[in-house]
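Chemist: One structure follows; several queries about it will come next.
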Amino acid sequence: MTFLYFAYGSNMLTARLQLRCDGADPVGIAYANDRMIEFSKLSNDESGKATLRHAPGRRTPGVLFEIPRTQRRALDRVEGYPGHYDHCNAFPVRRLDGQSVQALTYLARSPVPNLNSYDWYLALVIAGALGHGLDAEHVADLKRENWIPDPMVNRPTRCEAIRVLALAGHRDYRKLLV
């Protein structure tokens, strides 16, 4: 038994999601219609993390993953559910072949405008987009996002992100940001 999960932020990087959810398997690219990505989810580290907001006429690409149902609690935990995100069990996305499917995704409960992401977090998002061949315009938009260096160089989530990025072939994650 599995479920579909629509990743549009840092979990698009397969290596990261597989460390978080054993057995996560990418099954293709999909789009969330009438949504746009923004980095307005206030994280515990006080930086901005990805969420989707309603935006008529826009569409945001992401990656569909098939995940064993036994990993649902693990995914909820790493996504900060129920505290920071609401999950949508039947979030509609459209595959490249035009098929509409329902997937689980997470949307910020209380978005906060004008947040900056840490450089390593935005690098995870960009690496995932590049790794799955998302369109160049989306990648360019991501590279235009505001970011700041993490002031805490030994932050465990930063260290883990840099390690996962290196495993995915990005030895200097800062190159992803330019």
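Residues are referred to by chain and number: the chain letter is A, B, ... according to the order shown in the structure tokens, the number counts from 1 in that chain, and ligands are numbered separately from 1 in the order shown.
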Would you return as a list in words the members of range 26-101 of chain A that DSSP assigns to alpha helix (DSSP H) on this structure's backbone?

Modeler: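 Of range 26-101 of chain A, only Arg72, Arg73, Ala74, Leu75, Asp76, Arg77 and Val78 of chain A fall in alpha helix (DSSP H).
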
Chemist: Could you write out that same residue set with C-alpha atoms as an mmCIF file, in the first residue's frame?

Modeler:
data_model
loop_
_atom_site.group_PDB
_atom_site.id
_atom_site.type_symbol
_atom_site.label_atom_id
_atom_site.label_comp_id
_atom_site.auth_asym_id
_atom_site.auth_seq_id
_atom_site.Cartn_x
_atom_site.Cartn_y
_atom_site.Cartn_z
ATOM 1 C CA ARG A 72 3.222 8.611 6.424
ATOM 2 C CA ARG A 73 3.966 9.479 10.065
ATOM 3 C CA ALA A 74 7.647 9.974 9.250
ATOM 4 C CA LEU A 75 6.710 12.422 6.494
ATOM 5 C CA ASP A 76 4.252 14.253 8.771
ATOM 6 C CA ARG A 77 6.974 14.568 11.406
ATOM 7 C CA VAL A 78 9.635 16.035 9.096
#

Chemist: Any chance you could tabulate, as a tab-separated table, the residues of range 5-58 of chain A at most 12 Å from range 84-98 of chain A with each one's nearest atom pair and distance in Å to one decimal, using only C-alpha atoms, in chain and rising number order?

Modeler:
residue	atom	partner	partner_atom	distance
A:Tyr5	CA	A:Asn89	CA	8.9
A:Phe6	CA	A:Val93	CA	7.9
A:Ala7	CA	A:Val93	CA	10.8
A:Tyr8	CA	A:Val93	CA	11.3
A:Val27	CA	A:Arg95	CA	9.9
A:Gly28	CA	A:Arg95	CA	7.3
A:Ile29	CA	A:Arg95	CA	6.1
A:Ala30	CA	A:Arg95	CA	4.2
A:Tyr31	CA	A:Arg94	CA	5.2
A:Ala32	CA	A:Val93	CA	4.9
A:Asn33	CA	A:Val93	CA	6.9
A:Asp34	CA	A:Val93	CA	10.2
A:Arg35	CA	A:Val93	CA	10.3
A:Ser40	CA	A:His84	CA	11.3
A:Lys41	CA	A:His84	CA	7.7
A:Leu42	CA	A:His84	CA	7.9
A:Ser43	CA	A:His84	CA	7.9
A:Asn44	CA	A:His84	CA	9.0
A:Gly48	CA	A:His84	CA	11.9
A:Lys49	CA	A:His84	CA	10.5
A:Ala50	CA	A:Tyr85	CA	10.6
A:Thr51	CA	A:Tyr85	CA	8.8
A:Leu52	CA	A:Tyr85	CA	11.0

Chemist: Export, as an mmCIF file, in the first residue's frame, the selected residues with C-alpha atoms.

Modeler:
data_model
loop_
_atom_site.group_PDB
_atom_site.id
_atom_site.type_symbol
_atom_site.label_atom_id
_atom_site.label_comp_id
_atom_site.auth_asym_id
_atom_site.auth_seq_id
_atom_site.Cartn_x
_atom_site.Cartn_y
_atom_site.Cartn_z
ATOM 1 C CA TYR A 5 3.011 12.773 -2.489
ATOM 2 C CA PHE A 6 3.506 16.048 -4.393
ATOM 3 C CA ALA A 7 6.837 17.661 -3.488
ATOM 4 C CA TYR A 8 7.499 21.231 -4.636
ATOM 5 C CA VAL A 27 7.125 8.621 -10.407
ATOM 6 C CA GLY A 28 7.106 11.809 -12.483
ATOM 7 C CA ILE A 29 6.652 15.520 -12.792
ATOM 8 C CA ALA A 30 3.304 17.135 -12.051
ATOM 9 C CA TYR A 31 1.882 20.655 -11.843
ATOM 10 C CA ALA A 32 -0.273 22.374 -9.246
ATOM 11 C CA ASN A 33 -2.613 24.610 -11.231
ATOM 12 C CA ASP A 34 -3.583 28.035 -9.907
ATOM 13 C CA ARG A 35 -0.743 27.915 -7.379
ATOM 14 C CA SER A 40 6.589 32.223 3.429
ATOM 15 C CA LYS A 41 6.335 29.303 5.828
ATOM 16 C CA LEU A 42 8.084 30.415 9.017
ATOM 17 C CA SER A 43 10.433 27.653 10.078
ATOM 18 C CA ASN A 44 11.607 26.797 13.575
ATOM 19 C CA GLY A 48 11.371 30.920 5.084
ATOM 20 C CA LYS A 49 10.450 27.494 3.761
ATOM 21 C CA ALA A 50 8.409 26.677 0.660
ATOM 22 C CA THR A 51 4.644 26.681 0.467
ATOM 23 C CA LEU A 52 2.113 27.133 -2.297
#

Chemist: Within 8 Å of Asp22 in chain A, counting only C-alpha atoms, which residues qualify if same-chain residues fewer than 2 places away don't, as a list in words?

Modeler: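 Selected residues are Gln18, Leu19, Arg20, Ala24, Ile67, Pro68 and Gln71 of chain A.
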
Chemist: Report the distance between CA of His170 in chain A and CA of Thr105 in chain A in Å, rounded to one decimal place.

Modeler: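 Answer for the CA of His170 in chain A to CA of Thr105 in chain A separation: 26.2 Å.
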
Chemist: Tell me which of A:Val178, A:Ala103, A:Leu142, A:Leu17 sits closest to Ala129 in chain A, counting only C-alpha atoms.

Modeler: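 Looking at the shortest contact to Ala129 in chain A, the residue is A:Leu142.
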
Chemist: Pick from A:Arg53, A:Leu177, A:Ala15, A:Val63: nearest to Pro113 in chain A, with only C-alpha atoms counted?

Modeler: A:Arg53

Chemist: Please give the complete set of residues from range 27-173 of chain A that DSSP, run on the backbone, assigns to strand (DSSP E), formatted as a ChimeraX atom specification.

Modeler: /A:27-42,48-68,85-95,100-108,117-118,147-148

Chemist: Report, in Å to a single decimal, how far apart CA of Leu13 in chain A and CA of Gly133 in chain A are.

Modeler: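 Between these atoms lies a distance of 11.4 Å.
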
Chemist: Can you write out as JSON lines which residues of range 31-139 of chain A fall within 12 Å of range 160-167 of chain A, alongside each residue's closest atom pair and its distance in Å to one decimal, counting only C-alpha atoms and ordering rows by chain and ascending residue number?

Modeler:
{"residue": "A:Tyr118", "atom": "CA", "partner": "A:Ala161", "partner_atom": "CA", "distance": 11.0}
{"residue": "A:Asp119", "atom": "CA", "partner": "A:Ala161", "partner_atom": "CA", "distance": 10.4}
{"residue": "A:Trp120", "atom": "CA", "partner": "A:Ala161", "partner_atom": "CA", "distance": 6.6}
{"residue": "A:Tyr121", "atom": "CA", "partner": "A:Ala161", "partner_atom": "CA", "distance": 7.3}
{"residue": "A:Leu122", "atom": "CA", "partner": "A:Ala161", "partner_atom": "CA", "distance": 10.3}
{"residue": "A:Ala123", "atom": "CA", "partner": "A:Leu165", "partner_atom": "CA", "distance": 8.1}
{"residue": "A:Leu124", "atom": "CA", "partner": "A:Leu165", "partner_atom": "CA", "distance": 6.8}
{"residue": "A:Val125", "atom": "CA", "partner": "A:Leu165", "partner_atom": "CA", "distance": 10.3}
{"residue": "A:Ile126", "atom": "CA", "partner": "A:Leu165", "partner_atom": "CA", "distance": 10.5}
{"residue": "A:Ala127", "atom": "CA", "partner": "A:Leu165", "partner_atom": "CA", "distance": 7.6}
{"residue": "A:Gly128", "atom": "CA", "partner": "A:Leu165", "partner_atom": "CA", "distance": 9.5}
{"residue": "A:Gly131", "atom": "CA", "partner": "A:Leu165", "partner_atom": "CA", "distance": 11.1}

Chemist: Tell me, counting only C-alpha atoms, for each residue of range 17-74 of chain A within 10 Å of range 144-149 of chain A, which pair of atoms is nearest and how far apart they are in Å to one decimal, in rows ordered by chain and increasing number, as a Markdown table.

Modeler:
| residue | atom | partner | partner_atom | distance |
| --- | --- | --- | --- | --- |
| A:Glu38 | CA | A:Glu145 | CA | 8.7 |
| A:Phe39 | CA | A:Glu145 | CA | 8.4 |
| A:Ser47 | CA | A:Ile148 | CA | 8.8 |
| A:Gly48 | CA | A:Trp147 | CA | 8.8 |

Chemist: Write the selection just made, keeping all heavy atoms, as an mmCIF file, in the first residue's frame?

Modeler:
data_model
loop_
_atom_site.group_PDB
_atom_site.id
_atom_site.type_symbol
_atom_site.label_atom_id
_atom_site.label_comp_id
_atom_site.auth_asym_id
_atom_site.auth_seq_id
_atom_site.Cartn_x
_atom_site.Cartn_y
_atom_site.Cartn_z
ATOM 1 N N GLU A 38 6.056 30.064 -2.903
ATOM 2 C CA GLU A 38 6.642 31.185 -2.183
ATOM 3 C C GLU A 38 7.288 30.627 -0.926
ATOM 4 O O GLU A 38 6.989 29.521 -0.492
ATOM 5 C CB GLU A 38 5.623 32.283 -1.879
ATOM 6 C CG GLU A 38 4.516 31.887 -0.946
ATOM 7 C CD GLU A 38 3.546 33.038 -0.680
ATOM 8 O OE1 GLU A 38 3.449 33.975 -1.504
ATOM 9 O OE2 GLU A 38 2.891 33.001 0.364
ATOM 10 N N PHE A 39 8.189 31.386 -0.364
ATOM 11 C CA PHE A 39 8.957 30.928 0.792
ATOM 12 C C PHE A 39 8.492 31.685 2.027
ATOM 13 O O PHE A 39 9.244 32.406 2.658
ATOM 14 C CB PHE A 39 10.455 31.078 0.493
ATOM 15 C CG PHE A 39 10.882 30.195 -0.633
ATOM 16 C CD1 PHE A 39 10.730 30.588 -1.948
ATOM 17 C CD2 PHE A 39 11.370 28.924 -0.375
ATOM 18 C CE1 PHE A 39 11.078 29.750 -2.992
ATOM 19 C CE2 PHE A 39 11.713 28.069 -1.411
ATOM 20 C CZ PHE A 39 11.570 28.484 -2.721
ATOM 21 N N SER A 47 13.704 30.987 9.338
ATOM 22 C CA SER A 47 13.860 31.280 7.916
ATOM 23 C C SER A 47 12.576 30.901 7.182
ATOM 24 O O SER A 47 11.672 30.307 7.759
ATOM 25 C CB SER A 47 15.049 30.507 7.347
ATOM 26 O OG SER A 47 14.751 29.117 7.295
ATOM 27 N N GLY A 48 12.535 31.241 5.906
ATOM 28 C CA GLY A 48 11.371 30.920 5.084
ATOM 29 C C GLY A 48 11.531 29.581 4.393
ATOM 30 O O GLY A 48 12.567 29.293 3.802
#

Chemist: Which is closest to Pro156 in chain A among A:Met36, A:Lys143, A:Leu115, A:Asp45, if we use only C-alpha atoms?

Modeler: A:Asp45

Chemist: Using only C-alpha atoms, which of A:Pro151, A:Pro26, A:Thr2, A:Glu46 sits nearest Val112 in chain A?

Modeler: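 Among the listed residues, the smallest separation from Val112 in chain A belongs to A:Glu46.
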
Chemist: Choose the residue, out of A:Gly9, A:Gly80, A:Gly169, A:Pro111, that has the smallest atom-to-atom separation from Thr60 in chain A; count only C-alpha atoms.

Modeler: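 Checking each of A:Gly9, A:Gly80, A:Gly169, A:Pro111 against Thr60 in chain A, counting only C-alpha atoms, the winner is A:Gly9.
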